[in-house]
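Comments concern the structure below.
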Amino acid sequence: MSDHSLDEGFLHRALDLARQGIGLASPNPYVGAVIVDAHGNIAGTGVYTYDGLKHAEVLALEQAGNKARKGTLYINLEPHSHQGRTSPCTEALIAVGIHRVVASMPDPNPKVSGRGFEKLRSAGIDVEVGRLEAEARRLNEAFARYIRHGAPLVTLKSAMTLDGKIAPPASATSKSTAGVPAGGWITGEAARAHVHELRHQSDALMVGVGTILADDPLLTDRSGKTRRRPLLRVIQDSQLRLPLESRLVRSVANDGSFSSDALVFSSFGEAAKKRELEARGIRVEQLPAATGGRPDIHAILQRLGQLEITSLMIEGGAAVNGSALSSGIVDKIFFYFAPKIFAAEESVPFAIGAGFRDMNGAPQIKHLHLHRFGEDFAVEGYLRNPYED
């Protein structure tokens with residue numbers, strides 16, 4: 001086996017370790033580290049978690065002990081060289097006598113990018129960068145967007161028929177069941193289970209109050225996987241129409257700590273309704289109204305960035321979808337399609353609003369990835385590069 005194949009094998013292991021930090025590392029990046037001794041054997045591994053404090057490379061060094069000397073570090077992200085919540089990892093690597101570092105990508109933070117590699121090279125350590133970079137960049141795209149712009153990576157998620165409808169005509173729907181979209185589910189169980197994987201990867205989920213009124217959803221992460229902080233459920237509700245009896249409101253634990261996992265952004269809500277929601281543990285914040293009366297979406301993103309939210313998934317209805325696209329806030333899309341066709345004129349389209357008037361103005365989705373979920377499929381793609389300004 002070639003040295004390149006060995007390097008990629010160990011880097012794949014580091015990336016797998018880094019993925020174990022999903023739900024546990026935010027607002028910091030996902031990092032996995034593998035220490036291989038001078039004889040080519042794995043001597044130590046590490047995974048970064050926010051509460052664990054220690055960085056992945058330090059955990060790997062501690063596990064490797066003396067075997068780290070003259071060994072190689074494989075890591076998906078540049079070792080940090082600055083003083084933060086912990087001491088610089090570069091100093092620890094230099095002190096133990098690491099001979100070589102193989103990293104997938106530089107730190108996306110422009111304030112520190114490249115400095116870790118520079119310090120290691122200055123100490124005589126052989127540094128190689130760029131192997132499996134595309135995979136590593138996808139893993140930490142939310143951190144990149146957040147650290148570069150102070151706002152979360154925004155993913156627009158929707159499920160629709162092949163003709164782009166997200167619900168049947170209102171006249172065709174019978175009495176709805178709580179938690180089930182009006183008219184029933186469009187996609188099958190496998191696709192719906194995957195939605196919870198996406199929710200688990202997200203710090204926050206946002207809908208308009210119309211979705212609450214129509215479907216009465218919980219909007220929770222039901223992947224069954226551990227997360228450090230609960231999924232923040234964000235509702236755009238200009239006039240505070242959120243029902244006190246809704247499942248979302250009733251699910252919020254009112255323990256007096258004001259650490260609610262539900263946050264409502266309003267523009268014109270009555271003070272009395274605001275007090276009623278807050279009494280039930282719901283956070284309510286007032287923001288300026290944009291066109292159409294909804295809370296300004298750019299102000300929402302800025303506020304979420306202040307709350308250290310690195311990733312936001314929008315699961316809205318047609319109006320919210322249209323507003324998100326026309327405002328230019330969407331970074332990527334994840335659209336699920338079922339092999340069904342409504343065709344009815346009154347069926348609810350994926351998006352409504354001003355939209356885009358010609359092909360030159362329409363957003364171009366790039367770097368497409370296709371996924372299959374039984375009979376359903378999904379399209380994942382990007383409207384912009386999270387690593388660019």
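Ligands are numbered from 1 in the order shown, residues from 1 within each chain, and chains are lettered A, B, ... in the order they appear in the structure tokens.
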
* Identify, on the basis of only C-alpha atoms, every residue whose closest approach to A:Val58 does not exceed 9 Å; exclude the query and any residue fewer than 6 positions from it along the same chain; express the result as JSON, numbers by chain. => {"A": [33, 46, 89, 92, 93]}

Residues from the last selection, C-alpha atoms, saved as a PDB file, in the first residue's frame:
```pdb
ATOM      1  CA  ALA A  33      -7.135  13.542  15.605  1.00  0.00           C
ATOM      2  CA  GLY A  46      -9.083  12.255  20.163  1.00  0.00           C
ATOM      3  CA  CYS A  89      -2.078  22.875  20.582  1.00  0.00           C
ATOM      4  CA  ALA A  92       2.011  20.664  22.815  1.00  0.00           C
ATOM      5  CA  LEU A  93       2.825  19.020  19.476  1.00  0.00           C
TER       6      LEU A  93
END
```

* Would you list the contacts of stretch 78-84 of chain A as number ranges by chain, taking every protein, DNA or RNA residue within 8 Å and counting only C-alpha atoms, but skipping same-chain residues closer than 3 positions in sequence? => A: 57, 75, 87-91, 103-107, 112-117, 119

Go ahead and write the selection's residues with C-alpha atoms as a CSV table (one decimal), in the first residue's frame.
```csv
chain,number,residue,atom,x,y,z
A,57,GLU,CA,-4.9,16.6,19.2
A,75,ILE,CA,-6.1,15.8,11.7
A,87,SER,CA,-3.4,26.7,25.5
A,88,PRO,CA,-2.1,26.4,21.9
A,89,CYS,CA,-2.1,22.9,20.6
A,90,THR,CA,0.9,23.7,18.4
A,91,GLU,CA,3.1,24.1,21.5
A,103,ALA,CA,-4.0,18.0,7.9
A,104,SER,CA,-7.0,18.3,5.5
A,105,MET,CA,-7.5,22.0,5.6
A,106,PRO,CA,-6.5,25.3,7.2
A,107,ASP,CA,-8.6,27.0,9.9
A,112,VAL,CA,-5.6,32.7,12.6
A,113,SER,CA,-5.6,30.7,9.3
A,114,GLY,CA,-2.2,29.3,8.5
A,115,ARG,CA,-0.5,30.4,11.7
A,116,GLY,CA,-0.6,26.9,13.2
A,117,PHE,CA,1.1,25.4,10.2
A,119,LYS,CA,4.6,27.6,13.9
```

* Asked: Using only C-alpha atoms, which of the listed residues (A:Val330, A:Met359, A:Ala56, A:Ala319) sits closest to A:Pro29?
  ->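 Closest residue, counting only C-alpha atoms: A:Ala56.
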
* **Option closest in space to A:Ser326, from A:Lys366, A:Ile98, A:Ala354, A:Pro295 [counting only C-alpha atoms]** => A:Ala354

* To do: Might you pull out every residue within 7 Å of stretch 139-145 of chain A, with only C-alpha atoms counted and same-chain residues fewer than 4 positions away left off, and present them as a list in words?
  =>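 These residues fall inside the cut-off: Asn28, Pro29, Tyr30, Pro108, Asn109, Glu135, His149, Ala151, Pro152, Leu153, Thr310, Ser311, Pro386 and Tyr387 of chain A.
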